Each structure stands twice: as C-alpha cells, then as structure tokens.
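**Student:** Quick one, target14.cif (mmCIF, C-alpha atoms):
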```cif
data_final
#
loop_
_atom_site.label_atom_id
_atom_site.label_comp_id
_atom_site.auth_asym_id
_atom_site.auth_seq_id
_atom_site.Cartn_x
_atom_site.Cartn_y
_atom_site.Cartn_z
CA MET A 1 21.02 -16.19 -46.23
CA GLU A 2 18.56 -17.04 -49.02
CA PRO A 3 19.21 -20.24 -50.98
CA VAL A 4 20.59 -19.78 -54.49
CA THR A 5 18.53 -21.42 -57.23
CA ILE A 6 20.01 -23.56 -59.99
CA GLY A 7 19.05 -20.85 -62.47
CA GLU A 8 20.85 -18.20 -60.45
CA GLU A 9 23.94 -20.41 -60.25
CA LEU A 10 23.87 -20.94 -64.00
CA LEU A 11 23.46 -17.24 -64.74
CA GLU A 12 26.28 -16.34 -62.37
CA GLU A 13 28.54 -18.94 -64.02
CA ARG A 14 27.77 -17.45 -67.44
CA ARG A 15 28.44 -13.94 -66.13
CA ARG A 16 31.82 -15.02 -64.72
CA GLN A 17 32.78 -16.68 -68.03
CA ARG A 18 31.80 -13.55 -69.93
CA ARG A 19 33.75 -11.30 -67.58
CA ALA A 20 36.88 -13.43 -68.00
CA GLY A 21 37.03 -12.90 -71.76
CA ASP A 22 38.19 -15.40 -74.35
CA PRO A 23 40.12 -18.21 -72.61
CA ARG A 24 42.16 -18.92 -75.76
CA LEU A 25 44.13 -15.65 -75.46
CA THR A 26 47.66 -15.72 -74.14
CA ASP A 27 49.03 -12.93 -71.95
CA ALA A 28 51.08 -11.72 -74.94
CA ASP A 29 47.93 -11.62 -77.12
CA ARG A 30 46.16 -9.59 -74.46
CA GLU A 31 49.00 -7.11 -74.29
CA ILE A 32 49.03 -6.67 -78.07
CA LEU A 33 45.26 -6.11 -78.31
CA ARG A 34 45.32 -3.63 -75.41
CA ARG A 35 48.03 -1.62 -77.15
CA VAL A 36 46.06 -1.60 -80.41
CA THR A 37 42.68 -0.41 -79.14
CA ARG A 38 43.44 1.33 -75.87
CA GLY A 39 47.15 2.02 -75.85
CA ASP A 40 49.81 3.74 -77.92
CA LEU A 41 48.45 2.41 -81.24
CA ALA A 42 44.85 3.51 -80.70
CA ASP A 43 45.15 6.49 -83.06
CA GLU A 44 46.50 4.26 -85.81
CA PHE A 45 43.73 1.75 -85.15
CA GLN A 46 41.03 4.42 -85.44
CA ALA A 47 42.63 5.81 -88.59
CA ALA A 48 42.51 2.34 -90.14
CA LEU A 49 38.83 1.96 -89.23
CA ASP A 50 38.08 5.36 -90.77
CA ALA A 51 40.03 4.47 -93.90
CA ASP A 52 37.81 1.42 -94.40
CA LEU A 53 34.85 3.76 -94.92
CA VAL A 54 36.71 5.91 -97.40
CA ASN A 55 38.02 2.93 -99.37
CA ASP A 56 34.83 0.87 -99.42
CA PRO A 57 31.71 2.62 -100.80
CA LEU A 58 29.40 -0.20 -99.67
CA LEU A 59 30.60 0.17 -96.11
CA GLY A 60 31.02 3.94 -96.02
CA GLY A 61 28.35 5.15 -98.41
CA ARG A 62 28.63 7.90 -100.94
CA ASP A 63 31.45 10.39 -100.86
CA ALA A 64 29.24 13.01 -99.24
CA ASP A 65 28.46 10.67 -96.33
CA ILE A 66 31.96 9.73 -95.41
CA ASP A 67 32.94 12.82 -93.48
CA ASP A 68 29.83 12.43 -91.37
CA ASN A 69 30.29 8.72 -90.80
CA VAL A 70 33.88 8.75 -89.63
CA ALA A 71 35.07 10.27 -86.44
CA MET B 1 21.35 -8.43 -76.28
CA LEU B 2 23.56 -5.37 -76.31
CA VAL B 3 24.88 -4.07 -79.63
CA ILE B 4 28.51 -3.00 -79.25
CA ASP B 5 31.25 -1.54 -81.46
CA GLU B 6 34.72 -2.76 -82.40
CA TYR B 7 36.42 -1.28 -79.33
CA LEU B 8 34.05 -2.86 -76.84
CA ALA B 9 34.22 -6.13 -78.77
CA VAL B 10 37.96 -6.23 -78.16
CA ASP B 11 37.51 -5.18 -74.52
CA VAL B 12 34.98 -7.98 -74.01
CA VAL B 13 37.24 -10.55 -75.72
CA LEU B 14 40.05 -9.41 -73.42
CA GLY B 15 37.87 -9.51 -70.31
CA ASP B 16 38.69 -5.84 -69.69
CA TRP B 17 35.40 -4.48 -68.49
CA PRO B 18 34.84 -0.76 -69.06
CA ALA B 19 33.01 1.03 -66.28
CA GLY B 20 29.29 1.19 -66.91
CA LEU B 21 29.11 -1.73 -69.35
CA PRO B 22 26.53 -4.25 -68.06
CA ASP B 23 27.81 -7.79 -67.62
CA ASP B 24 24.51 -9.67 -67.43
CA ASP B 25 23.63 -9.61 -71.10
CA THR B 26 24.80 -11.10 -74.40
CA PHE B 27 27.04 -8.92 -76.55
CA VAL B 28 26.53 -8.72 -80.27
CA LEU B 29 28.69 -7.07 -82.92
CA PRO B 30 27.13 -6.06 -86.27
CA ALA B 31 28.68 -7.98 -89.17
CA SER B 32 29.97 -4.83 -90.89
CA ARG B 33 31.86 -3.90 -87.71
CA HIS B 34 33.21 -7.44 -87.43
CA PHE B 35 34.37 -7.03 -91.04
CA ARG B 36 36.37 -3.93 -90.03
CA LEU B 37 38.02 -5.87 -87.20
CA LEU B 38 38.77 -8.73 -89.57
CA GLN B 39 40.47 -6.33 -91.95
CA ARG B 40 42.84 -5.38 -89.14
CA VAL B 41 43.63 -9.10 -88.66
CA HIS B 42 44.06 -9.98 -92.32
CA ASN B 43 45.28 -6.67 -93.72
CA PRO B 44 46.23 -4.41 -90.84
CA GLY B 45 47.60 -1.67 -93.08
CA THR B 46 50.83 0.16 -92.64
CA GLY B 47 52.94 1.31 -89.76
CA GLN B 48 53.27 -0.27 -86.35
CA LEU B 49 49.80 -1.82 -86.49
CA THR B 50 50.91 -4.35 -89.09
CA GLY B 51 53.94 -5.45 -87.16
CA ILE B 52 52.24 -5.88 -83.84
CA LEU B 53 49.13 -7.65 -85.12
CA ASP B 54 51.37 -10.10 -86.95
CA ARG B 55 52.66 -11.12 -83.52
CA LEU B 56 49.28 -12.42 -82.35
CA THR B 57 49.20 -16.16 -81.83
CA ALA B 58 46.84 -18.25 -83.97
CA ALA B 59 44.53 -18.44 -80.97
CA GLY B 60 44.73 -14.69 -80.55
CA ARG B 61 43.70 -14.16 -84.15
CA ASP B 62 40.91 -16.70 -83.74
CA SER B 63 39.54 -14.75 -80.78
CA LEU B 64 38.63 -12.03 -83.31
CA ARG B 65 38.02 -14.21 -86.37
CA HIS B 66 35.74 -16.69 -84.61
CA PRO B 67 34.75 -15.17 -81.26
CA HIS B 68 34.12 -17.50 -78.33
CA PRO B 69 30.33 -18.03 -78.10
CA GLU B 70 30.25 -17.37 -74.35
CA VAL B 71 31.88 -14.00 -74.91
CA LEU B 72 30.75 -12.37 -78.16
CA HIS B 73 28.28 -13.05 -80.96
CA ILE B 74 28.37 -11.71 -84.50
CA LEU B 75 24.95 -10.57 -85.69
CA ASP B 76 23.56 -12.29 -88.76
CA PRO B 77 23.19 -9.36 -91.16
CA ARG B 78 20.40 -10.87 -93.26
CA PRO B 79 17.42 -10.09 -91.00
CA LEU B 80 18.70 -6.51 -90.63
CA LEU B 81 19.24 -5.71 -94.28
CA ASP B 82 15.71 -4.52 -95.10
CA GLU B 83 15.66 -2.16 -92.13
CA ALA B 84 19.17 -0.98 -92.95
CA ALA B 85 18.17 -0.24 -96.56
CA SER B 86 15.06 1.57 -95.36
CA ILE B 87 17.11 3.75 -93.01
CA GLY B 88 19.59 4.42 -95.79
CA ALA B 89 16.83 5.50 -98.18
CA ARG B 90 15.00 7.70 -95.69
CA TYR B 91 18.10 9.46 -94.47
CA SER B 92 19.99 9.44 -97.77
CA THR B 93 22.95 7.75 -96.17
CA GLY B 94 24.05 4.61 -97.89
CA GLY B 95 26.87 3.30 -95.79
CA LEU B 96 26.23 -0.22 -94.53
CA LEU B 97 28.26 0.37 -91.37
CA VAL B 98 25.94 3.13 -90.20
CA THR B 99 22.66 1.73 -91.47
CA GLU B 100 23.26 -1.82 -90.22
CA THR B 101 24.34 -0.55 -86.82
CA LEU B 102 21.20 1.57 -86.54
CA ALA B 103 19.01 -1.33 -87.68
CA ALA B 104 20.63 -3.49 -85.00
CA GLY B 105 19.98 -0.78 -82.43
CA LEU B 106 16.31 -0.70 -83.40
CA ALA B 107 16.02 -4.48 -83.24
CA TYR B 108 17.85 -4.93 -79.93
CA GLY B 109 16.59 -2.65 -77.20
CA ARG B 110 17.04 0.74 -78.89
CA GLN B 111 20.52 1.16 -77.53
CA LEU B 112 24.04 1.09 -78.93
CA TRP B 113 27.26 0.85 -76.95
CA PHE B 114 30.56 2.34 -78.15
CA GLY B 115 34.01 2.09 -76.64
CA THR B 116 35.02 5.62 -77.59
CA PRO B 117 33.17 8.71 -78.87
CA ARG B 118 35.60 8.82 -81.81
CA ASN B 119 34.01 5.72 -83.29
CA ILE B 120 30.40 6.94 -83.31
CA GLY B 121 30.29 9.31 -86.27
CA ARG B 122 28.12 12.40 -86.54
CA ARG B 123 25.54 10.95 -88.93
CA LEU B 124 24.94 7.86 -86.80
CA ALA B 125 24.49 10.01 -83.70
CA GLU B 126 21.99 12.28 -85.46
CA ILE B 127 19.87 9.44 -86.85
CA ALA B 128 20.03 7.47 -83.60
CA GLY B 129 18.60 10.50 -81.81
CA GLU B 130 15.69 10.71 -84.23
CA LEU B 131 15.03 6.98 -83.92
CA LYS B 132 15.09 7.17 -80.11
CA ILE B 133 18.11 4.89 -79.94
CA THR B 134 20.27 5.69 -76.93
CA VAL B 135 23.99 5.82 -77.69
CA HIS B 136 26.16 4.88 -74.71
CA VAL B 137 29.91 5.25 -74.39
CA ALA B 138 31.80 2.95 -72.01
CA GLU B 139 35.53 3.61 -71.75
CA PRO B 140 38.12 1.98 -69.53
CA ALA B 141 38.48 3.66 -66.17
#
```
Can you dump the structure from the file as structure tokens?

**Tutor:**
Amino acid sequence: MEPVTIGEELLEERRRQRRAGDPRLTDADREILRRVTRGDLADEFQAALDADLVNDPLLGGRDADIDDNVA
Amino acid sequence: MLVIDEYLAVDVVLGDWPAGLPDDDTFVLPASRHFRLLQRVHNPGTGQLTGILDRLTAAGRDSLRHPHPEVLHILDPRPLLDEAASIGARYSTGGLLVTETLAAGLAYGRQLWFGTPRNIGRRLAEIAGELKITVHVAEPA
C-alpha cells in the first residue's frame, strides 16, 4: 500500500467535512429542508423562486424576459 | 470552484449528495441566488412553506443565512457585475439572476450545476449554450 501524504490526508479530511454538510443542523432542521426542496413542498418552493423574478425587476429583468427566465 | 443553484446549495448544506455531483471541489452560490434563498428564510410567502420554515432552529436558519465555510461559499457579486452587465446588454436580458449566474459560469470553469431542470430557465440555457458553458443537472437518486 502506498503511503498517504499529508496533503492527501488534508484533502480527504476536507472532502469528508464537505460531504457531511453543515454540522450546526439538527435532525429536525434537515427534515424540514428536505421537505422544502426535495419533498412535498418542492412545487411551492419553486413557485416562490419564480415569483421572486416576477416581483423584482432587478432580479428578473424586463417583463418580456420573465417567462424565459423562470421554469 | 463549482457554481451551483439554490437546490444544490441546500443539498450540500444538508450533506445529501446528488449522484454525479463532484465532492472534491469548493461550491459557490451566486449572490442573487443566495438572495432568493434568504427570501425564503425571512419572507417565505404563503401556504405551508411559511409554517414549516418558521420551525427551523436558529442554527438551521443560520446554515442558509451564513453558510459554513467548509461547506458552501457565497460569490462576491462585485467582480462579476461588469461581465453580467455585458451579457445583459448583448443578449437584451436584464435580469441579474440570469446574467450573474452566466458571468459566474464564465469565470469558474464554464460550467453550472443545477439541482433540477425546473430551475434553469430557457433563456439561461440558450445563452449558456452560446457561451460554451456546460449546464449540468444533479438530482437525488
């Protein structure tokens, strides 16, 4: 087996931290956020994102752009 | 650095890794997309979304308001503004969400990663194609 360098160890540690997500989240927080973006509330979430473009001309552009910019 | 959208930002914060999303790079979210996530936190709207997001703990809200630096970075919009304005002028599309995202794609590896096709938008897809920016979609398995 080839020896692992310090750099490789450091990179692997960073990768593991990244894969684990934000350590501040509770299990209940995780469940809520999963429901919002990937679960039963995903349609409502997307509709809210789309509405931001319609309601904010700086974000969404001119009226003619909006239909093309949203889903 | 990989430029991601709001869906993948939440996936990454959760540690839920969609198939195909590399895990050996730094993830960055354009500021205008962070702003849309923040609006869900501070003003989630109507319906069930409001009620459920109100149930996040303070730490849960902070995971989106001030993302953990090991997990997710918010792109400083200032260096991207000139390119975003240029794209907006050339393509006659003024929306900061689209133009800043495209400018970020140009600056960081000519690729953009979305968590669902619904969040791409036709105009962004068209311009990305012309600018040789590859648009990836990574969804949960």

**Student:** Which residues of chain B are close to chain A, meaning at most 7 Å apart when you count only C-alpha atoms, and how do they look as a ChimeraX atom specification?

**Tutor:** /B:7,12-15,23-24,36,49,52,56-57,59-60,63,68,70-71,93-97,118-124

**Student:** At a cut-off of 9 Å, using only C-alpha atoms, what residues contact segment 98-115 of chain B? Leave out same-chain residues fewer than 5 positions from it and give the result as a PyMOL selection string.

**Tutor:** (chain A and resi 59-61+69) or (chain B and resi 1-9+11+18+21+29-33+75+77+80-88+93+120-121+123-124+127-128+131-140)

**Student:** What separation in Å, quoted to one decimal, exists between atom CA of Ile74 of chain B and atom CA of Asp62 of chain B?

**Tutor:**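 Answer for the atom CA of Ile74 of chain B to atom CA of Asp62 of chain B separation: 13.5 Å.
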
**Student:** Quick one: distance from atom CA of Val28 of chain B to atom CA of Arg40 of chain B in Å, one decimal?

**Tutor:** 18.9 Å

**Student:** As an exercise, work out the distance from atom CA of Pro22 of chain B to atom CA of Leu72 of chain B in Å and give it to one decimal place.

**Tutor:**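 Pair atom CA of Pro22 of chain B / atom CA of Leu72 of chain B returns 13.6 Å.
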
**Student:** Around segment 14-31 of chain A, with edges along x, y and z and 8 Å added on all six sides, what centre and edge lengths do you get, in Å to one decimal, as lines of an AutoDock Vina configuration file?

**Tutor:**
```
center_x = 39.4
center_y = -13.0
center_z = -70.9
size_x = 39.3
size_y = 27.8
size_z = 28.4
```
